[in-house]
$ cat coords-v6.cif   # mmCIF, C-alpha atoms
data_run
loop_
_atom_site.label_atom_id
_atom_site.label_comp_id
_atom_site.auth_asym_id
_atom_site.auth_seq_id
_atom_site.Cartn_x
_atom_site.Cartn_y
_atom_site.Cartn_z
CA MET A 142 130.44 92.07 128.74
CA ALA A 143 129.11 95.10 126.96
CA CYS A 144 131.71 97.25 128.64
CA ILE A 145 134.88 96.87 126.67
CA ASP A 146 137.76 97.88 128.87
CA THR A 147 140.15 99.50 126.47
CA ALA A 148 143.57 100.89 127.35
CA ARG A 149 142.16 104.40 127.50
CA GLU A 150 138.71 104.09 128.99
CA GLU A 151 135.86 101.79 129.67
CA VAL A 152 133.25 102.35 127.01
CA ASP A 153 129.75 100.94 126.98
CA TYR A 154 129.05 100.04 123.37
CA ARG A 155 125.75 98.28 124.04
CA GLU A 156 123.53 101.27 123.29
CA PHE A 157 125.71 102.36 120.37
CA VAL A 158 125.66 98.93 118.71
CA PHE A 159 121.94 98.33 119.23
CA ARG A 160 120.96 101.77 117.89
CA LEU A 161 123.05 101.33 114.75
CA ALA A 162 121.77 97.79 114.20
CA LEU A 163 118.20 99.00 114.63
CA ALA A 164 118.76 101.80 112.12
CA ILE A 165 120.03 99.33 109.54
CA CYS A 166 117.58 96.49 110.18
CA GLY A 167 114.53 98.66 110.95
CA GLU A 168 113.16 96.02 113.26
CA ARG A 169 113.83 95.14 116.88
CA ASP A 170 114.30 91.35 116.84
CA THR A 171 116.90 91.34 114.09
CA ALA A 172 118.66 94.31 115.70
CA GLU A 173 118.90 92.38 118.97
CA ASP A 174 120.42 89.39 117.17
CA VAL A 175 122.93 91.62 115.41
CA ALA A 176 123.81 93.43 118.66
CA GLN A 177 124.39 90.12 120.40
CA ASP A 178 126.72 88.90 117.65
CA VAL A 179 128.62 92.18 117.58
CA LEU A 180 129.09 92.32 121.35
CA LEU A 181 130.41 88.76 121.32
CA THR A 182 132.82 89.69 118.53
CA LEU A 183 133.97 92.73 120.49
CA TYR A 184 134.48 90.66 123.60
CA ARG A 185 136.55 88.11 121.67
CA SER A 186 138.72 90.79 120.08
CA LYS A 187 139.18 93.08 123.05
CA ALA A 188 142.89 93.34 122.40
CA LYS A 189 142.32 94.53 118.83
CA LEU A 190 139.86 97.14 120.06
CA GLY A 191 142.34 98.41 122.63
CA VAL A 192 144.97 99.24 120.03
CA ALA A 193 142.60 100.61 117.37
CA ASP A 194 143.18 104.26 116.44
CA ASN A 195 139.48 104.97 116.40
CA PRO A 196 137.62 102.30 118.40
CA THR A 197 134.19 103.80 117.67
CA ALA A 198 134.77 103.63 113.91
CA TRP A 199 135.97 100.06 114.24
CA VAL A 200 132.88 99.05 116.27
CA ARG A 201 130.68 100.79 113.70
CA LYS A 202 132.34 98.88 110.89
CA VAL A 203 131.88 95.55 112.70
CA THR A 204 128.22 96.34 113.37
CA VAL A 205 127.49 97.35 109.77
CA ARG A 206 129.18 94.23 108.44
CA CYS A 207 127.31 91.98 110.86
CA ALA A 208 123.96 93.67 110.14
CA THR A 209 124.32 93.39 106.36
CA ARG A 210 125.29 89.74 106.74
CA HIS A 211 122.17 89.13 108.86
CA LEU A 212 119.95 90.95 106.37
CA ARG A 213 121.42 88.95 103.48
CA ARG A 214 120.65 85.71 105.32
CA LEU A 215 117.12 86.89 106.13
CA ARG A 216 116.59 87.86 102.50
CA ARG A 217 117.49 84.36 101.37
CA SER A 218 115.18 82.73 103.92
CA ASP A 219 112.41 85.22 103.09
CA ARG A 220 112.60 84.17 99.48
CA LEU A 221 112.03 80.59 100.55
CA SER A 222 109.38 81.06 103.20
CA ASP A 223 107.96 84.45 102.21
CA THR A 224 107.38 85.32 105.85
CA VAL A 225 107.11 88.97 106.80
CA GLN A 226 107.82 90.27 110.24
CA ALA A 227 106.62 93.83 110.11
CA PRO A 228 107.18 96.21 113.01
CA ASP A 229 104.22 97.33 115.05
CA GLY A 230 102.77 100.66 114.13
CA SER A 231 100.77 102.49 111.52
CA SER A 232 100.11 101.17 108.05
CA ASP A 233 102.49 103.76 106.59
CA ARG A 234 105.27 102.53 108.83
CA ILE A 235 104.61 98.95 107.81
CA ALA A 236 104.57 100.02 104.15
CA VAL A 237 107.94 101.73 104.54
CA TYR A 238 109.35 98.66 106.22
CA GLU A 239 107.98 96.46 103.42
CA ILE A 240 109.79 98.58 100.84
CA LEU A 241 113.01 98.57 102.88
CA ARG A 242 112.85 94.78 102.98
CA GLN A 243 112.95 94.71 99.20
CA LEU A 244 116.12 96.82 99.05
CA THR A 245 119.60 95.33 99.15
CA PRO A 246 121.29 95.14 102.58
CA GLU A 247 123.90 97.69 101.42
CA HIS A 248 121.16 100.18 100.50
CA ARG A 249 119.40 99.61 103.80
CA ALA A 250 122.65 100.16 105.67
CA ILE A 251 123.43 103.42 103.93
CA LEU A 252 119.86 104.74 104.34
CA GLY A 253 119.86 103.85 108.05
CA MET A 254 123.19 105.50 108.68
CA ALA A 255 122.25 108.64 106.75
CA PHE A 256 118.62 109.11 107.86
CA ASN A 257 118.63 107.73 111.40
CA GLN A 258 122.18 108.12 112.62
CA GLY A 259 122.91 111.33 110.77
CA LEU A 260 126.46 110.24 109.97
CA SER A 261 128.72 112.19 107.65
CA TYR A 262 129.87 110.82 104.30
CA ARG A 263 133.30 110.23 105.76
CA GLU A 264 131.93 108.14 108.64
CA ILE A 265 129.66 106.16 106.33
CA GLY A 266 132.57 105.58 103.96
CA GLU A 267 134.72 104.28 106.82
CA ALA A 268 131.97 101.95 107.97
CA LEU A 269 131.34 100.55 104.50
CA ASP A 270 134.97 100.59 103.41
CA ILE A 271 134.26 102.81 100.42
CA PRO A 272 135.57 106.27 99.41
CA GLU A 273 133.56 109.37 100.28
CA GLY A 274 132.68 110.01 96.64
CA THR A 275 131.14 106.58 96.33
CA VAL A 276 129.00 107.20 99.43
CA GLY A 277 127.13 109.99 97.65
CA SER A 278 126.40 107.94 94.55
CA ARG A 279 125.41 104.89 96.58
CA LEU A 280 123.11 106.96 98.79
CA ASN A 281 121.46 108.41 95.70
CA ALA A 282 121.00 104.94 94.26
CA ALA A 283 119.43 103.75 97.54
CA LYS A 284 117.09 106.77 97.64
CA LYS A 285 116.10 106.20 94.02
CA ALA A 286 115.42 102.52 94.69
CA PHE A 287 113.21 103.43 97.66
CA GLN A 288 111.36 106.17 95.79
CA GLY A 289 110.76 103.93 92.77
CA ARG A 290 109.13 101.28 94.91
CA TRP A 291 107.18 103.85 96.93
CA GLU A 292 105.61 105.33 93.80
CA GLN A 293 104.59 101.99 92.37
CA MET B 240 99.73 106.20 101.43
CA LYS B 241 101.54 107.63 98.44
CA ASP B 242 100.26 111.18 99.08
CA ARG B 243 103.18 112.05 101.35
CA PRO B 244 106.62 112.35 99.79
CA ALA B 245 108.70 109.20 100.00
CA PHE B 246 111.54 110.67 102.01
CA GLU B 247 109.24 112.30 104.54
CA GLU B 248 107.80 108.85 105.26
CA LEU B 249 111.25 107.34 105.36
CA LYS B 250 112.44 110.01 107.80
CA SER B 251 109.44 109.51 110.08
CA PHE B 252 110.01 105.74 109.98
CA TYR B 253 113.60 106.18 111.11
CA ASP B 254 112.55 108.72 113.75
CA SER B 255 110.03 106.22 115.14
CA LEU B 256 112.87 103.76 115.74
CA ASP B 257 114.23 106.08 118.42
CA ALA B 258 111.21 105.28 120.58
CA ILE B 259 112.30 101.64 120.85
CA PRO B 260 114.25 101.25 124.10
CA THR B 261 117.57 99.48 124.22
CA PRO B 262 116.96 96.00 125.64
CA PRO B 263 118.80 94.92 128.77
CA LEU B 264 121.88 92.86 128.14
CA ALA B 265 120.55 89.33 128.24
CA PHE B 266 121.81 86.82 125.81
CA LYS B 267 119.16 84.92 124.02
CA ARG B 268 118.82 81.29 124.97
CA PRO B 269 119.45 78.84 122.21
CA ASN B 270 116.62 77.01 120.58
CA ARG B 271 115.26 74.39 122.96
CA TRP B 272 115.50 71.53 120.50
CA SER B 273 118.98 72.37 119.30
CA PHE B 274 120.05 72.55 122.93
CA MET B 275 118.47 69.14 123.60
CA SER B 276 120.02 67.65 120.49
CA VAL B 277 123.46 68.72 121.68
CA LEU B 278 122.86 66.76 124.86
CA LEU B 279 121.10 63.79 123.31
CA ALA B 280 123.25 63.22 120.22
CA PRO B 281 126.31 61.80 122.07
CA THR B 282 124.06 59.64 124.24
CA ALA B 283 122.24 58.24 121.21
CA ALA B 284 125.52 57.66 119.39
CA SER B 285 127.01 55.76 122.34
CA ILE B 286 123.86 53.62 122.65
CA VAL B 287 124.05 52.72 118.97
CA ALA B 288 127.78 51.96 119.24
CA TYR B 289 127.23 49.77 122.32
CA GLY B 290 124.41 47.93 120.57
CA PHE B 291 126.56 47.29 117.52
CA MET B 292 129.40 45.95 119.67
CA TRP B 293 126.98 43.67 121.53
CA PHE B 294 125.59 42.40 118.24
CA CYS B 295 129.07 41.65 116.90
CA SER B 296 130.20 39.88 120.05
CA SER B 297 127.07 37.71 120.31
CA ALA B 298 126.94 36.71 116.64
CA PRO B 299 128.14 33.12 115.95
CA THR B 300 131.63 32.96 114.57
CA HIS B 301 131.27 29.48 112.95
CA PRO B 302 128.51 28.30 110.65
CA PRO B 303 126.17 25.80 112.28
CA THR B 304 127.12 22.25 111.41
CA SER B 305 124.08 20.39 112.61
CA CYS B 306 121.19 22.69 112.15
CA PRO B 307 118.03 20.62 111.69
CA LEU B 308 116.27 23.40 109.87
CA ARG B 309 119.06 23.69 107.33
CA LEU B 310 119.12 19.94 106.81
CA SER B 311 115.42 19.78 106.18
CA ILE B 312 115.70 22.61 103.65
CA ASP B 313 118.54 20.78 101.89
CA ARG B 314 116.51 17.62 101.76
CA MET B 315 113.56 19.41 100.28
CA ALA B 316 115.78 20.99 97.65
CA LEU B 317 117.24 17.60 96.77
CA ASP B 318 113.76 16.10 96.36
CA GLU B 319 112.77 18.95 94.08
CA ILE B 320 115.82 18.46 91.89
CA LYS B 321 115.11 14.77 91.63
CA ALA B 322 111.53 15.40 90.67
CA GLU B 323 112.45 17.90 87.95
CA SER B 324 115.25 15.88 86.34
CA PRO B 325 114.17 13.59 83.38
CA PRO B 326 114.05 9.86 84.04
CA ARG B 327 117.03 7.95 82.84
CA THR B 328 116.27 5.75 79.83
CA ALA B 329 117.86 2.47 78.91
CA GLY B 330 119.36 3.83 75.67
CA ALA B 331 121.27 6.55 77.33
CA HIS B 332 124.11 7.99 75.42
CA VAL B 333 127.21 6.11 76.19
CA PHE B 334 130.38 7.14 74.60
CA LYS B 335 132.64 4.29 73.88
CA ALA B 336 136.03 4.29 72.42
CA ASP B 337 136.04 3.32 68.75
CA SER B 338 137.85 0.01 68.69
CA SER B 339 138.45 0.19 64.92
CA ARG B 340 140.71 3.18 65.33
CA SER B 341 143.78 2.59 67.12
CA ILE B 342 146.20 5.17 68.14
CA ALA B 343 149.11 2.98 67.57
#
$ encode --input "coords-v6.cif" --output "structure tokens"
Amino acid sequence: MACIDTAREEVDYREFVFRLALAICGERDTAEDVAQDVLLTLYRSKAKLGVADNPTAWVRKVTVRCATRHLRRLRRSDRLSDTVQAPDGSSDRIAVYEILRQLTPEHRAILGMAFNQGLSYREIGEALDIPEGTVGSRLNAAKKAFQGRWEQ
Amino acid sequence: MKDRPAFEELKSFYDSLDAIPTPPLAFKRPNRWSFMSVLLAPTAASIVAYGFMWFCSSAPTHPPTSCPLRLSIDRMALDEIKAESPPRTAGAHVFKADSSRSIA
């Protein structure tokens, strides 16, 4: 199912989708849920993927949208239950994750794409459906939000 | 914790994510109880519907005409009414037509 047989080639998007979801969510369980949803979406819209000019960009956009939706839902439930599912690791890593949890899903997405995936402004803009100029200002806002919380 | 610059920590956090392996493609099973409820809900609904139909079909369509219990209750109610009502006196109000006035 992960292999989407497009008109041009058979591409395995499983790794690609999971890595991007992990970069945005920062935690394995949520990334797995997001990857599952995205792969199901891709399977359902195979035809659309086959005719897309840039299938990778389209898959990236679907993944980012699905991940932000998941994070938004988690944020709402976190507010109610106040449960924290921190990743395993050092205390610094947990502290970083705690701060990321407090950021908006859009900020988390842009930080993940910039810091982990190393995407260009153009690619980030395509994924978020925003112009390149806005990517810079939004990335700065996300960095500022992270730094402000880190220094508290 | 705050000794290291924020972005250095952020970068090392994102780098550490690369160590997490991609899981094998195995779709997560649905929650056990939600799965059970999908199976059990139609069964429960059909049992309730069948029970309701049975109740409707077995219920009497006509009111009982000679129910001894009902009769005894009626009798008791009648006795109570009789006991509560004031005794009739000899000079009870009797309206009579005034003979002195005539319509004609």
$ resolve_selection --input "coords-v6.cif" --expression "the PyMOL selection byres ((chain A) within 10 of (chain B))" --output "JSON, numbers by chain"
{"A": [142, 143, 155, 156, 157, 158, 159, 160, 163, 164, 165, 167, 168, 169, 173, 174, 176, 177, 178, 180, 181, 228, 230, 231, 232, 233, 234, 235, 236, 237, 238, 240, 241, 252, 253, 254, 255, 256, 257, 258, 284, 285, 287, 288, 289, 290, 291, 292, 293]}
$ atom_distance --input "coords-v6.cif" --atom1 "CA of Cys166 (chain A)" --atom2 "CA of Leu212 (chain A)"
7.1 Å
$ atom_distance --input "coords-v6.cif" --atom1 "CA of Val276 (chain A)" --atom2 "CA of Val192 (chain A)"
27.3 Å
$ atom_distance --input "coords-v6.cif" --atom1 "CA of Trp199 (chain A)" --atom2 "CA of Arg242 (chain A)"
26.3 Å
$ residues_around --input "coords-v6.cif" --residues "Glu247 (chain A)" --least-positions-apart "5" --cutoff "10 Å" --atoms "all atoms listed in the file" --output "list in words"
Ile165, Val205, Arg206, Ala208, Thr209, Arg210, Leu212, Arg213, Leu252, Gly253, Leu269, Arg279, Leu280 and Ala283 of chain A
$ residues_around --input "coords-v6.cif" --residues "Arg263 (chain A)" --least-positions-apart "2" --cutoff "9 Å" --atoms "all atoms listed in the file" --output "PyMOL selection string"
chain A and resi 260-261+265-268+272-273+276
$ write_last_selection --input "coords-v6.cif" --atoms "C-alpha atoms" --output "PDB file, in the coordinates of the input"
ATOM      1  CA  LEU A 260     126.460 110.240 109.970  1.00  0.00           C
ATOM      2  CA  SER A 261     128.720 112.190 107.650  1.00  0.00           C
ATOM      3  CA  ILE A 265     129.660 106.160 106.330  1.00  0.00           C
ATOM      4  CA  GLY A 266     132.570 105.580 103.960  1.00  0.00           C
ATOM      5  CA  GLU A 267     134.720 104.280 106.820  1.00  0.00           C
ATOM      6  CA  ALA A 268     131.970 101.950 107.970  1.00  0.00           C
ATOM      7  CA  PRO A 272     135.570 106.270  99.410  1.00  0.00           C
ATOM      8  CA  GLU A 273     133.560 109.370 100.280  1.00  0.00           C
ATOM      9  CA  VAL A 276     129.000 107.200  99.430  1.00  0.00           C
TER      10      VAL A 276
END
$ closest_residue --input "coords-v6.cif" --among "A:Tyr262, A:Lys202, A:Ala282, A:Ala162" --to "Thr245 (chain A)" --atoms "only C-alpha atoms"
A:Ala282
$ decode --input "coords-v6.cif" --residues "region 151-188 of chain A" --atoms "N, CA and C atoms" --output "PDB file, in the first residue's frame"
ATOM      1  N   GLU A 151       7.172   3.726  -9.646  1.00  0.00           N
ATOM      2  CA  GLU A 151       6.614   3.262  -8.389  1.00  0.00           C
ATOM      3  C   GLU A 151       7.465   3.841  -7.261  1.00  0.00           C
ATOM      4  N   VAL A 152       6.856   4.670  -6.465  1.00  0.00           N
ATOM      5  CA  VAL A 152       7.626   5.375  -5.438  1.00  0.00           C
ATOM      6  C   VAL A 152       7.168   4.913  -4.064  1.00  0.00           C
ATOM      7  N   ASP A 153       8.133   4.637  -3.206  1.00  0.00           N
ATOM      8  CA  ASP A 153       7.800   4.251  -1.837  1.00  0.00           C
ATOM      9  C   ASP A 153       7.826   5.505  -0.971  1.00  0.00           C
ATOM     10  N   TYR A 154       6.643   5.954  -0.577  1.00  0.00           N
ATOM     11  CA  TYR A 154       6.540   7.180   0.200  1.00  0.00           C
ATOM     12  C   TYR A 154       6.515   6.927   1.702  1.00  0.00           C
ATOM     13  N   ARG A 155       6.608   5.660   2.100  1.00  0.00           N
ATOM     14  CA  ARG A 155       6.465   5.334   3.523  1.00  0.00           C
ATOM     15  C   ARG A 155       7.513   6.050   4.374  1.00  0.00           C
ATOM     16  N   GLU A 156       8.755   5.894   4.000  1.00  0.00           N
ATOM     17  CA  GLU A 156       9.879   6.512   4.722  1.00  0.00           C
ATOM     18  C   GLU A 156       9.751   8.040   4.686  1.00  0.00           C
ATOM     19  N   PHE A 157       9.465   8.551   3.515  1.00  0.00           N
ATOM     20  CA  PHE A 157       9.349  10.001   3.316  1.00  0.00           C
ATOM     21  C   PHE A 157       8.273  10.600   4.229  1.00  0.00           C
ATOM     22  N   VAL A 158       7.104   9.962   4.238  1.00  0.00           N
ATOM     23  CA  VAL A 158       5.978  10.474   5.026  1.00  0.00           C
ATOM     24  C   VAL A 158       6.271  10.359   6.517  1.00  0.00           C
ATOM     25  N   PHE A 159       6.811   9.229   6.942  1.00  0.00           N
ATOM     26  CA  PHE A 159       7.073   9.037   8.379  1.00  0.00           C
ATOM     27  C   PHE A 159       8.125  10.027   8.871  1.00  0.00           C
ATOM     28  N   ARG A 160       9.178  10.225   8.086  1.00  0.00           N
ATOM     29  CA  ARG A 160      10.253  11.155   8.505  1.00  0.00           C
ATOM     30  C   ARG A 160       9.726  12.580   8.653  1.00  0.00           C
ATOM     31  N   LEU A 161       8.910  13.001   7.708  1.00  0.00           N
ATOM     32  CA  LEU A 161       8.356  14.356   7.764  1.00  0.00           C
ATOM     33  C   LEU A 161       7.388  14.495   8.942  1.00  0.00           C
ATOM     34  N   ALA A 162       6.574  13.476   9.141  1.00  0.00           N
ATOM     35  CA  ALA A 162       5.621  13.510  10.264  1.00  0.00           C
ATOM     36  C   ALA A 162       6.370  13.541  11.590  1.00  0.00           C
ATOM     37  N   LEU A 163       7.452  12.784  11.670  1.00  0.00           N
ATOM     38  CA  LEU A 163       8.254  12.758  12.900  1.00  0.00           C
ATOM     39  C   LEU A 163       8.909  14.115  13.151  1.00  0.00           C
ATOM     40  N   ALA A 164       9.365  14.751  12.078  1.00  0.00           N
ATOM     41  CA  ALA A 164       9.988  16.077  12.224  1.00  0.00           C
ATOM     42  C   ALA A 164       8.983  17.098  12.739  1.00  0.00           C
ATOM     43  N   ILE A 165       7.746  16.979  12.315  1.00  0.00           N
ATOM     44  CA  ILE A 165       6.737  17.955  12.725  1.00  0.00           C
ATOM     45  C   ILE A 165       6.211  17.635  14.129  1.00  0.00           C
ATOM     46  N   CYS A 166       5.951  16.367  14.378  1.00  0.00           N
ATOM     47  CA  CYS A 166       5.349  15.982  15.672  1.00  0.00           C
ATOM     48  C   CYS A 166       6.401  15.864  16.774  1.00  0.00           C
ATOM     49  N   GLY A 167       7.610  15.452  16.424  1.00  0.00           N
ATOM     50  CA  GLY A 167       8.683  15.322  17.415  1.00  0.00           C
ATOM     51  C   GLY A 167       8.532  14.116  18.312  1.00  0.00           C
ATOM     52  N   GLU A 168       7.652  13.225  17.934  1.00  0.00           N
ATOM     53  CA  GLU A 168       7.382  12.074  18.813  1.00  0.00           C
ATOM     54  C   GLU A 168       6.840  10.931  17.967  1.00  0.00           C
ATOM     55  N   ARG A 169       7.290   9.708  18.283  1.00  0.00           N
ATOM     56  CA  ARG A 169       7.080   8.577  17.395  1.00  0.00           C
ATOM     57  C   ARG A 169       5.604   8.162  17.225  1.00  0.00           C
ATOM     58  N   ASP A 170       4.878   8.056  18.344  1.00  0.00           N
ATOM     59  CA  ASP A 170       3.506   7.535  18.271  1.00  0.00           C
ATOM     60  C   ASP A 170       2.608   8.392  17.384  1.00  0.00           C
ATOM     61  N   THR A 171       2.691   9.705  17.616  1.00  0.00           N
ATOM     62  CA  THR A 171       1.862  10.615  16.810  1.00  0.00           C
ATOM     63  C   THR A 171       2.288  10.561  15.351  1.00  0.00           C
ATOM     64  N   ALA A 172       3.612  10.470  15.131  1.00  0.00           N
ATOM     65  CA  ALA A 172       4.116  10.405  13.748  1.00  0.00           C
ATOM     66  C   ALA A 172       3.591   9.157  13.044  1.00  0.00           C
ATOM     67  N   GLU A 173       3.504   8.049  13.764  1.00  0.00           N
ATOM     68  CA  GLU A 173       2.975   6.816  13.172  1.00  0.00           C
ATOM     69  C   GLU A 173       1.511   6.975  12.790  1.00  0.00           C
ATOM     70  N   ASP A 174       0.748   7.623  13.684  1.00  0.00           N
ATOM     71  CA  ASP A 174      -0.675   7.862  13.383  1.00  0.00           C
ATOM     72  C   ASP A 174      -0.836   8.731  12.138  1.00  0.00           C
ATOM     73  N   VAL A 175      -0.016   9.781  12.096  1.00  0.00           N
ATOM     74  CA  VAL A 175      -0.084  10.704  10.948  1.00  0.00           C
ATOM     75  C   VAL A 175       0.288   9.957   9.668  1.00  0.00           C
ATOM     76  N   ALA A 176       1.376   9.165   9.735  1.00  0.00           N
ATOM     77  CA  ALA A 176       1.839   8.431   8.548  1.00  0.00           C
ATOM     78  C   ALA A 176       0.746   7.472   8.061  1.00  0.00           C
ATOM     79  N   GLN A 177       0.088   6.838   8.994  1.00  0.00           N
ATOM     80  CA  GLN A 177      -0.983   5.907   8.613  1.00  0.00           C
ATOM     81  C   GLN A 177      -2.112   6.636   7.877  1.00  0.00           C
ATOM     82  N   ASP A 178      -2.507   7.772   8.433  1.00  0.00           N
ATOM     83  CA  ASP A 178      -3.584   8.552   7.804  1.00  0.00           C
ATOM     84  C   ASP A 178      -3.174   9.032   6.415  1.00  0.00           C
ATOM     85  N   VAL A 179      -1.935   9.495   6.316  1.00  0.00           N
ATOM     86  CA  VAL A 179      -1.466  10.027   5.031  1.00  0.00           C
ATOM     87  C   VAL A 179      -1.397   8.918   3.982  1.00  0.00           C
ATOM     88  N   LEU A 180      -0.872   7.760   4.370  1.00  0.00           N
ATOM     89  CA  LEU A 180      -0.752   6.663   3.403  1.00  0.00           C
ATOM     90  C   LEU A 180      -2.125   6.193   2.934  1.00  0.00           C
ATOM     91  N   LEU A 181      -3.096   6.216   3.841  1.00  0.00           N
ATOM     92  CA  LEU A 181      -4.464   5.859   3.436  1.00  0.00           C
ATOM     93  C   LEU A 181      -5.023   6.891   2.459  1.00  0.00           C
ATOM     94  N   THR A 182      -4.740   8.159   2.747  1.00  0.00           N
ATOM     95  CA  THR A 182      -5.197   9.227   1.841  1.00  0.00           C
ATOM     96  C   THR A 182      -4.555   9.060   0.466  1.00  0.00           C
ATOM     97  N   LEU A 183      -3.266   8.763   0.463  1.00  0.00           N
ATOM     98  CA  LEU A 183      -2.564   8.587  -0.820  1.00  0.00           C
ATOM     99  C   LEU A 183      -3.133   7.403  -1.584  1.00  0.00           C
ATOM    100  N   TYR A 184      -3.440   6.351  -0.863  1.00  0.00           N
ATOM    101  CA  TYR A 184      -3.969   5.158  -1.525  1.00  0.00           C
ATOM    102  C   TYR A 184      -5.325   5.457  -2.157  1.00  0.00           C
ATOM    103  N   ARG A 185      -6.134   6.246  -1.405  1.00  0.00           N
ATOM    104  CA  ARG A 185      -7.478   6.581  -1.914  1.00  0.00           C
ATOM    105  C   ARG A 185      -7.408   7.510  -3.129  1.00  0.00           C
ATOM    106  N   SER A 186      -6.388   8.371  -3.145  1.00  0.00           N
ATOM    107  CA  SER A 186      -6.321   9.328  -4.262  1.00  0.00           C
ATOM    108  C   SER A 186      -5.111   9.048  -5.142  1.00  0.00           C
ATOM    109  N   LYS A 187      -4.966   7.790  -5.488  1.00  0.00           N
ATOM    110  CA  LYS A 187      -3.852   7.379  -6.352  1.00  0.00           C
ATOM    111  C   LYS A 187      -3.896   8.089  -7.710  1.00  0.00           C
ATOM    112  N   ALA A 188      -5.121   8.224  -8.213  1.00  0.00           N
ATOM    113  CA  ALA A 188      -5.274   8.821  -9.542  1.00  0.00           C
ATOM    114  C   ALA A 188      -4.778  10.267  -9.547  1.00  0.00           C
TER     115      ALA A 188
END
